[in-house]
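Worksheet for the structure shown next.
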Amino acid sequence: VVNGDSPFQFQWFKDGTQLQENDKITMTKTPDEFSSILTIKSLDSLSNGNYTCRVSNAAGFDEKSDIL
C-alpha cells in the first residue's frame, strides 16, 4: 500500500481464483499492516500462474499482479 487509511484487507488470487491458506500457502500481513507476503512452499509446475494481491479499505481497492 502506498498510502491510505487502515484497516486494510488483503486478498491473494491465482489465475483469478482467491487463494486460501493451507499447508503449502501462507499469507502474512506485515507488522506495519501496509504489506502482505504470500509464501508458497515447495514450488512446482502447478505453482505457475498469474498471482494478484488486492488491498482494500473503506475508500476502495487496488491490485497488482505478477506471473510466476
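Residue numbering restarts at 1 in every chain; chains get A, B, ... in the order shown in the C-alpha cells, and ligands count up from 1 in that same order.
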
*Skip A:Gln9 itself and residues of its chain fewer than 2 positions away, then list as a PyMOL selection string all residues within 10 Å of it, counting only C-alpha atoms.*
chain A and resi 6-7+11+29+33-36+54-58+61

Write the residues of the selection above to a file with C-alpha atoms, as a short mmCIF file (atom, residue, chain, number, x, y, z; two decimals), in the first residue's frame.
data_model
loop_
_atom_site.label_atom_id
_atom_site.label_comp_id
_atom_site.auth_asym_id
_atom_site.auth_seq_id
_atom_site.Cartn_x
_atom_site.Cartn_y
_atom_site.Cartn_z
CA SER A 6 -6.24 1.45 7.75
CA PRO A 7 -7.68 -1.02 8.32
CA GLN A 11 -6.66 -10.88 -0.65
CA LYS A 29 0.34 -9.15 6.94
CA GLU A 33 -0.03 -3.53 8.18
CA PHE A 34 0.89 -1.84 4.87
CA SER A 35 2.02 -5.04 3.10
CA SER A 36 1.12 -8.68 2.73
CA ARG A 54 -5.76 -6.96 -3.85
CA VAL A 55 -5.82 -4.47 -0.99
CA SER A 56 -8.97 -2.68 0.06
CA ASN A 57 -10.25 -0.26 2.66
CA ALA A 58 -13.29 1.97 3.08
CA PHE A 61 -9.31 -1.14 -3.64
#

*Could you pull out all residues of chain A with a DSSP call of strand (DSSP E) and give them as an MDAnalysis selection string?*
chainID A and resid 9:14 17:18 25:29 36:40 50:57 60:67

*Spatial neighbours of stretch 15-24 of chain A, max dist 12 Å, only C-alpha atoms, sep filter under 3 positions, as a PyMOL selection string*: chain A and resi 10-12+27-28+38-44+46-54+63+65-68
